[in-house]
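Enquirer: For reference, the structure I am asking about is given below.
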Amino acid sequence: MPRAIRGVLIECEPAIKSIIVHLDSANNDIIIEDLDESHLVVKENMVHLLKQKLEDRLKETYRPEEPLADSE
Amino acid sequence: MSVGTQSYQLSDYLEKLPGTTFRKLYQQPSTAFAIFRRMLPPLAKIFVQALLYAPSPLLLKQLDVWVKAEGKAQRDRALSILRSLHIVSISVGKDKPQEVHLTTNFQNSLRLALEGGGSHGSFGVPSTLPVDPTIDIPYLDRYARKKWEDILHYVVNSVGVHGDGGSGGSGAGPKASVKDLLLAGRLVERRPDTKGGIAITQAGFTFLLQEANAQVWTLLLLWLEAVDRSATASGMDSIDMLSFLFMLASLELGRAYDTSALTEPRRNMLPSLVDFGLIYIPRDPRQYFPTRLATTLTSTASALRSVSSAFAAATAAAPTDATALGGAAPAPAVGTESRGSIIVETNYRVYAYTSSPLQIAVLALFCQLNMRFAGMVTGRLTRDSIRRAISYGITADQIISYLAAHAHDQMARTAATVGRPVLPPTVVDQIRLWQLENERMRTTPGFLFKDFDTYDEYQALSSYAEEIGVLEWKNDKKGMFFVSKYEQLRDFLKSRKSSK
């Protein structure tokens, strides 16, 4: 008998996926099923938190390269 | 934007109407004439003219005389438009060749419109009372412009992020009824976290980028739909309203018309039309004046260019890029209208030679404005400013096409001489990349199916899911798939079980 599990499918780049896997490794409370290198199923109630955490993580690693300050 | 874009909106609305509505609409010569003038492509007009005085139905293939051999697609399009607007009816006989004729009401009304017979008053009754000489065309233009800019300001200011940009010149803002319309049409939405409690939507931004005429129709159609929803309460009839709008469109600018010649429901529409700036009512309410916003409703001439000079004129100034906005450029603005005014440099700096609070406010939606001088503002496109715009629902493409359409003449000229795009490619790419950054993952709620007993069972269910269009992801090896809905699959499984 097949099982149907409620969740949210996430499609993203492999790099982003590895961050999500890393975030999940702390408590194993996000991912339901790791599908392939660009797809995951996560718990519905964790999506919002996940987006936030991802944003924070990206801020650490990504310094937006702004043009030089204005000197008009 | 272009004529094409505006017509689509109106035609979308018209297409939804039933045939009986059209029969009623076409009782008015002004309506039949307006539809003929405004909604039909040239070939369809030729067909109508051929049929107008035909004593008996023509054979459908006789129309082919006007169609070149390679124009079959246009012919089919013209006929389908004519049919969807209930202007022609085409007989369906299996053994007889197909015949085509104009619908009776349309034929009679259009004949009347052309020949001027009848006492229908369909084209308005001019007022016989003395007219205040101060109410001339420039006065009416100023009045309409003020009214319309108030509405646009309300939409722009709903963002509430800009500094000194959009605060000037808006006056008291539009009436509450207009605000409700904008809300109902989701051009703005209530958002408690913003300054004014409302925020612009993506539709609102598209609205701002339209030409004045298209904007007017957008608002009017919202109004008609609102009336449709509350038809019993207001006692207004959207069909009669629409035909009144077509009548207004046929009036002459700068002339006074007799209010008492209007029916009661139409007189009740006047206050709303005043709010939109389509008509002006002087102190003596027995007269009303149509403004340019009203008289250009069904023509292809541009309405009140300067109302949205910040938008429309510049669209005309950069015809090559106007196509990116969805159609051919409208006829160039007359005389001294402001042309494109924005310069974008490769270092993301933006200079806009404008003092229009409206344009400055629009720029502030996606630009970080730094300085304001007389007749000029400077700013910069930054990652944050673009991301903020995207969080309002504005897309990168909308920003790019806005900048391209409003690029300064100098930019357009330089680009043309060296054969490069108007905007610096680095900036365009970066804006797109900034948008992509925000879309790092695509989420789809749904259900994961796994642990199938047999591969056959997996195969049957997953291919059924694919058939009904709910399948989002599958992997044959793992025997898993993800669907957005599961109700139908559950029923499918049950029936499969029971059939065994």
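Letters A, B, ... mark the chains of the structure tokens in the order given; residue numbers begin at 1 per chain; ligand numbers begin at 1, in order shown.
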Once you count only C-alpha atoms, which residues of chain A turn out to be within 6 Å of chain B? Could you give them as JSON, numbers by chain?

Expert: {"A": [1, 2, 3, 4, 5, 6, 7, 8, 9, 10, 11, 12]}

Enquirer: Got a sec to tell me which of chain A DSSP assigns to strand (DSSP E), as a short mmCIF file (atom, residue, chain, number, x, y, z; two decimals) with C-alpha atoms, in the first residue's frame?

Expert:
```
data_model
loop_
_atom_site.label_atom_id
_atom_site.label_comp_id
_atom_site.auth_asym_id
_atom_site.auth_seq_id
_atom_site.Cartn_x
_atom_site.Cartn_y
_atom_site.Cartn_z
CA ARG A 3 1.88 6.14 1.38
CA ALA A 4 1.04 9.78 0.71
CA ILE A 5 2.89 12.31 2.84
CA ARG A 6 1.92 15.95 2.98
CA GLY A 7 4.80 18.31 2.38
CA VAL A 8 6.26 21.04 0.23
CA LEU A 9 8.35 20.28 -2.82
CA ILE A 10 11.37 22.51 -3.13
CA GLU A 11 13.19 22.96 -6.39
CA CYS A 12 16.52 24.77 -6.20
CA ILE A 31 13.50 17.53 5.43
CA ILE A 32 10.96 14.79 4.84
CA GLU A 33 12.62 13.24 1.82
CA ASP A 34 15.76 14.04 -0.11
CA LEU A 35 14.75 13.40 -3.71
CA ASP A 36 17.68 14.29 -5.96
CA HIS A 39 14.63 18.50 -5.30
CA LEU A 40 13.59 18.07 -1.68
CA VAL A 41 10.36 17.57 0.20
CA VAL A 42 10.21 19.52 3.44
#
```

Enquirer: When you draw a straight line from atom CA of Lys175 of chain B to atom CA of Val274 of chain B, how long is it in Å?

Expert: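 Separating atom CA of Lys175 of chain B from atom CA of Val274 of chain B is a distance of 10.1 Å.
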
Enquirer: Between atom CA of Pro14 of chain A and atom CA of Ile390 of chain B, measure the distance and give it in Å to one decimal.

Expert: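 One can read the atom CA of Pro14 of chain A to atom CA of Ile390 of chain B distance as 24.1 Å.
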
Enquirer: Tell me, in Å to one decimal, how far atom CA of Phe492 of chain B is from atom CA of Lys477 of chain B.

Expert: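 Those two atoms sit 22.4 Å apart.
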
Enquirer: Quick check for you: according to DSSP on this backbone, which residues of segment 21-66 of chain A are classed as alpha helix (DSSP H)? Reply as a PyMOL selection string.

Expert: chain A and resi 21-25+47-61

Enquirer: Within 12 Å of Tyr288 of chain B, counting only C-alpha atoms, which residues show up once you throw out same-chain ones fewer than 4 positions away? Write them as an NGL selection string, please.

Expert: :B and (124-129 or 131-132 or 135 or 140 or 248 or 251-262 or 267 or 270-271 or 273-274 or 277-284 or 294)

Enquirer: Which polymer residues have any atom within 12 Å of an atom of Met269 of chain B, counting only C-alpha atoms, with same-chain residues fewer than 2 positions away left out, as a short mmCIF file (atom, residue, chain, number, x, y, z; two decimals) with all heavy atoms, in the first residue's frame?

Expert:
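Result file follows (out_23.cif):
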```
data_model
loop_
_atom_site.label_atom_id
_atom_site.label_comp_id
_atom_site.auth_asym_id
_atom_site.auth_seq_id
_atom_site.Cartn_x
_atom_site.Cartn_y
_atom_site.Cartn_z
N LEU B 220 -12.43 52.50 -15.75
CA LEU B 220 -13.85 52.45 -16.09
C LEU B 220 -14.38 51.02 -16.05
O LEU B 220 -15.48 50.76 -15.58
CB LEU B 220 -14.09 53.05 -17.48
CG LEU B 220 -13.93 54.57 -17.56
CD1 LEU B 220 -14.09 55.04 -19.00
CD2 LEU B 220 -14.92 55.27 -16.66
N TRP B 223 -14.96 49.92 -12.71
CA TRP B 223 -16.19 50.54 -12.22
C TRP B 223 -17.41 49.74 -12.70
O TRP B 223 -18.30 49.42 -11.92
CB TRP B 223 -16.24 51.99 -12.74
CG TRP B 223 -17.37 52.81 -12.26
CD1 TRP B 223 -17.93 52.78 -11.02
CD2 TRP B 223 -18.07 53.81 -13.00
NE1 TRP B 223 -18.93 53.71 -10.94
CE2 TRP B 223 -19.05 54.35 -12.14
CE3 TRP B 223 -17.96 54.31 -14.29
CZ2 TRP B 223 -19.91 55.36 -12.55
CZ3 TRP B 223 -18.81 55.32 -14.69
CH2 TRP B 223 -19.77 55.83 -13.84
N LEU B 224 -17.42 49.42 -13.99
CA LEU B 224 -18.54 48.64 -14.53
C LEU B 224 -18.67 47.30 -13.82
O LEU B 224 -19.78 46.87 -13.49
CB LEU B 224 -18.35 48.40 -16.03
CG LEU B 224 -18.40 49.62 -16.95
CD1 LEU B 224 -18.27 49.20 -18.40
CD2 LEU B 224 -19.68 50.39 -16.74
N VAL B 227 -20.18 47.75 -10.47
CA VAL B 227 -21.62 47.97 -10.56
C VAL B 227 -22.33 46.65 -10.83
O VAL B 227 -23.37 46.36 -10.26
CB VAL B 227 -21.93 49.00 -11.67
CG1 VAL B 227 -23.42 49.00 -11.99
CG2 VAL B 227 -21.49 50.38 -11.22
N SER B 234 -27.54 49.28 -6.35
CA SER B 234 -27.33 50.64 -6.86
C SER B 234 -28.38 51.03 -7.91
O SER B 234 -28.53 52.20 -8.22
CB SER B 234 -25.93 50.73 -7.47
OG SER B 234 -25.83 49.82 -8.53
N GLY B 235 -29.06 50.04 -8.45
CA GLY B 235 -30.05 50.34 -9.48
C GLY B 235 -29.42 50.79 -10.78
O GLY B 235 -30.10 51.29 -11.67
N MET B 236 -28.11 50.61 -10.92
CA MET B 236 -27.44 51.01 -12.16
C MET B 236 -27.27 49.79 -13.05
O MET B 236 -27.17 48.66 -12.59
CB MET B 236 -26.10 51.64 -11.84
CG MET B 236 -26.25 52.99 -11.16
SD MET B 236 -24.93 54.11 -11.56
CE MET B 236 -23.82 53.90 -10.21
N ASP B 237 -27.21 50.07 -14.31
CA ASP B 237 -27.16 49.00 -15.28
C ASP B 237 -25.87 49.16 -16.07
O ASP B 237 -25.67 50.16 -16.75
CB ASP B 237 -28.39 49.13 -16.18
CG ASP B 237 -28.34 48.18 -17.35
OD1 ASP B 237 -27.48 47.30 -17.35
OD2 ASP B 237 -29.17 48.36 -18.25
N SER B 238 -24.99 48.18 -15.95
CA SER B 238 -23.66 48.36 -16.55
C SER B 238 -23.75 48.47 -18.08
O SER B 238 -22.88 49.08 -18.70
CB SER B 238 -22.75 47.21 -16.15
OG SER B 238 -23.23 46.00 -16.66
N ASP B 240 -26.16 49.99 -19.84
CA ASP B 240 -26.49 51.37 -20.14
C ASP B 240 -25.30 52.28 -19.85
O ASP B 240 -25.04 53.24 -20.57
CB ASP B 240 -27.70 51.81 -19.31
CG ASP B 240 -28.19 53.19 -19.70
OD1 ASP B 240 -28.44 53.39 -20.90
OD2 ASP B 240 -28.26 54.07 -18.82
N MET B 241 -24.56 51.95 -18.78
CA MET B 241 -23.39 52.76 -18.44
C MET B 241 -22.37 52.71 -19.57
O MET B 241 -21.79 53.72 -19.97
CB MET B 241 -22.76 52.25 -17.15
CG MET B 241 -23.58 52.58 -15.92
SD MET B 241 -23.02 51.66 -14.48
CE MET B 241 -21.47 52.46 -14.14
N LEU B 242 -22.15 51.49 -20.06
CA LEU B 242 -21.17 51.33 -21.13
C LEU B 242 -21.61 52.13 -22.35
O LEU B 242 -20.81 52.82 -22.99
CB LEU B 242 -21.02 49.85 -21.47
CG LEU B 242 -19.92 49.48 -22.45
CD1 LEU B 242 -18.57 49.94 -21.93
CD2 LEU B 242 -19.88 47.98 -22.69
N PHE B 244 -23.43 54.72 -22.37
CA PHE B 244 -23.24 56.14 -22.06
C PHE B 244 -21.78 56.55 -22.26
O PHE B 244 -21.49 57.63 -22.78
CB PHE B 244 -23.68 56.41 -20.61
CG PHE B 244 -23.61 57.86 -20.20
CD1 PHE B 244 -24.04 58.86 -21.05
CD2 PHE B 244 -23.12 58.22 -18.96
CE1 PHE B 244 -23.98 60.20 -20.67
CE2 PHE B 244 -23.05 59.56 -18.58
CZ PHE B 244 -23.48 60.54 -19.44
N LEU B 245 -20.87 55.68 -21.85
CA LEU B 245 -19.44 55.99 -22.04
C LEU B 245 -19.12 56.14 -23.53
O LEU B 245 -18.39 57.04 -23.93
CB LEU B 245 -18.57 54.89 -21.43
CG LEU B 245 -18.64 54.75 -19.92
CD1 LEU B 245 -17.79 53.58 -19.45
CD2 LEU B 245 -18.17 56.03 -19.24
N LEU B 248 -20.38 59.48 -24.56
CA LEU B 248 -19.46 60.55 -24.14
C LEU B 248 -18.30 60.65 -25.12
O LEU B 248 -17.83 61.74 -25.45
CB LEU B 248 -18.91 60.24 -22.75
CG LEU B 248 -19.78 60.57 -21.55
CD1 LEU B 248 -19.03 60.20 -20.28
CD2 LEU B 248 -20.13 62.05 -21.53
N THR B 259 -27.63 68.57 -19.56
CA THR B 259 -27.77 67.51 -18.56
C THR B 259 -29.18 66.94 -18.55
O THR B 259 -29.38 65.75 -18.34
CB THR B 259 -27.43 68.04 -17.16
OG1 THR B 259 -26.23 68.79 -17.24
CG2 THR B 259 -27.25 66.91 -16.18
N LEU B 262 -30.39 63.86 -20.42
CA LEU B 262 -29.95 62.52 -20.02
C LEU B 262 -31.03 61.83 -19.20
O LEU B 262 -31.82 62.48 -18.52
CB LEU B 262 -28.68 62.61 -19.17
CG LEU B 262 -27.46 63.22 -19.84
CD1 LEU B 262 -26.34 63.38 -18.82
CD2 LEU B 262 -27.01 62.36 -21.00
N THR B 263 -31.02 60.50 -19.26
CA THR B 263 -31.95 59.76 -18.42
C THR B 263 -31.49 59.81 -16.97
O THR B 263 -30.32 60.11 -16.69
CB THR B 263 -32.03 58.29 -18.86
OG1 THR B 263 -30.73 57.73 -18.74
CG2 THR B 263 -32.51 58.17 -20.30
N GLU B 264 -32.40 59.50 -16.09
CA GLU B 264 -32.10 59.54 -14.66
C GLU B 264 -30.85 58.72 -14.29
O GLU B 264 -29.94 59.24 -13.65
CB GLU B 264 -33.34 59.05 -13.90
CG GLU B 264 -33.17 58.93 -12.40
CD GLU B 264 -33.25 60.28 -11.69
OE1 GLU B 264 -33.94 61.17 -12.22
OE2 GLU B 264 -32.61 60.43 -10.65
N PRO B 265 -30.79 57.44 -14.69
CA PRO B 265 -29.60 56.66 -14.30
C PRO B 265 -28.31 57.27 -14.83
O PRO B 265 -27.28 57.23 -14.16
CB PRO B 265 -29.84 55.28 -14.92
CG PRO B 265 -31.20 55.27 -15.45
CD PRO B 265 -31.76 56.63 -15.44
N ARG B 266 -28.38 57.85 -16.01
CA ARG B 266 -27.16 58.45 -16.56
C ARG B 266 -26.77 59.70 -15.79
O ARG B 266 -25.59 59.97 -15.58
CB ARG B 266 -27.36 58.77 -18.03
CG ARG B 266 -27.41 57.49 -18.86
CD ARG B 266 -27.43 57.77 -20.32
NE ARG B 266 -27.38 56.50 -21.04
CZ ARG B 266 -27.21 56.40 -22.35
NH1 ARG B 266 -27.08 57.49 -23.08
NH2 ARG B 266 -27.17 55.23 -22.92
N ARG B 267 -27.77 60.47 -15.38
CA ARG B 267 -27.44 61.64 -14.56
C ARG B 267 -26.78 61.21 -13.27
O ARG B 267 -25.89 61.88 -12.76
CB ARG B 267 -28.72 62.44 -14.26
CG ARG B 267 -29.01 63.50 -15.29
CD ARG B 267 -29.83 64.65 -14.71
NE ARG B 267 -31.14 64.20 -14.24
CZ ARG B 267 -32.18 63.98 -15.05
NH1 ARG B 267 -32.06 64.18 -16.34
NH2 ARG B 267 -33.33 63.59 -14.56
N PRO B 271 -21.67 62.23 -11.15
CA PRO B 271 -20.71 62.52 -10.07
C PRO B 271 -19.47 61.63 -10.13
O PRO B 271 -18.34 62.11 -9.93
CB PRO B 271 -21.52 62.23 -8.80
CG PRO B 271 -22.94 62.42 -9.20
CD PRO B 271 -23.03 61.99 -10.62
N SER B 272 -19.66 60.35 -10.43
CA SER B 272 -18.50 59.46 -10.52
C SER B 272 -17.60 59.88 -11.67
O SER B 272 -16.37 59.87 -11.55
CB SER B 272 -18.95 58.02 -10.73
OG SER B 272 -19.65 57.57 -9.62
N LEU B 273 -18.22 60.24 -12.80
CA LEU B 273 -17.42 60.65 -13.94
C LEU B 273 -16.66 61.92 -13.65
O LEU B 273 -15.55 62.12 -14.14
CB LEU B 273 -18.32 60.83 -15.17
CG LEU B 273 -18.92 59.52 -15.70
CD1 LEU B 273 -20.00 59.80 -16.74
CD2 LEU B 273 -17.83 58.65 -16.31
N VAL B 274 -17.24 62.77 -12.82
CA VAL B 274 -16.52 63.97 -12.39
C VAL B 274 -15.30 63.56 -11.57
O VAL B 274 -14.20 64.09 -11.74
CB VAL B 274 -17.45 64.90 -11.58
CG1 VAL B 274 -16.64 66.01 -10.90
CG2 VAL B 274 -18.51 65.51 -12.48
N ASP B 275 -15.49 62.57 -10.69
CA ASP B 275 -14.37 62.10 -9.87
C ASP B 275 -13.22 61.56 -10.71
O ASP B 275 -12.06 61.69 -10.35
CB ASP B 275 -14.83 60.99 -8.91
CG ASP B 275 -15.79 61.52 -7.86
OD1 ASP B 275 -15.82 62.76 -7.68
OD2 ASP B 275 -16.49 60.71 -7.23
N PHE B 276 -13.56 60.93 -11.81
CA PHE B 276 -12.51 60.39 -12.68
C PHE B 276 -11.89 61.48 -13.55
O PHE B 276 -10.87 61.24 -14.18
CB PHE B 276 -13.06 59.31 -13.62
CG PHE B 276 -13.66 58.12 -12.92
CD1 PHE B 276 -14.68 57.40 -13.51
CD2 PHE B 276 -13.20 57.73 -11.68
CE1 PHE B 276 -15.22 56.30 -12.86
CE2 PHE B 276 -13.75 56.63 -11.03
CZ PHE B 276 -14.76 55.92 -11.62
N LEU B 278 -13.53 62.69 -16.20
CA LEU B 278 -14.01 62.52 -17.57
C LEU B 278 -14.95 63.64 -17.99
O LEU B 278 -15.05 63.95 -19.17
CB LEU B 278 -14.72 61.17 -17.73
CG LEU B 278 -13.86 60.06 -18.34
CD1 LEU B 278 -12.77 59.66 -17.38
CD2 LEU B 278 -14.70 58.88 -18.73
N ILE B 279 -15.67 64.20 -17.04
CA ILE B 279 -16.50 65.34 -17.38
C ILE B 279 -16.32 66.43 -16.35
O ILE B 279 -15.85 66.19 -15.22
CB ILE B 279 -18.01 64.98 -17.48
CG1 ILE B 279 -18.50 64.44 -16.15
CG2 ILE B 279 -18.27 64.00 -18.59
CD1 ILE B 279 -19.99 64.29 -16.11
#
```

Enquirer: Quick one: of B:Arg388, B:Leu43, B:Gly469, B:Ala416, who's nearest to Lys72 of chain B, counting only C-alpha atoms?

Expert: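 Using only C-alpha atoms, the shortest distance to Lys72 of chain B belongs to B:Leu43.
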
Enquirer: Quick one: residues within 8 Å of segment 8-15 of chain B, only C-alpha atoms counted, chain neighbours fewer than 4 positions away excluded, as a ChimeraX atom specification?

Expert: /B:4,39,84-85,217-218,221
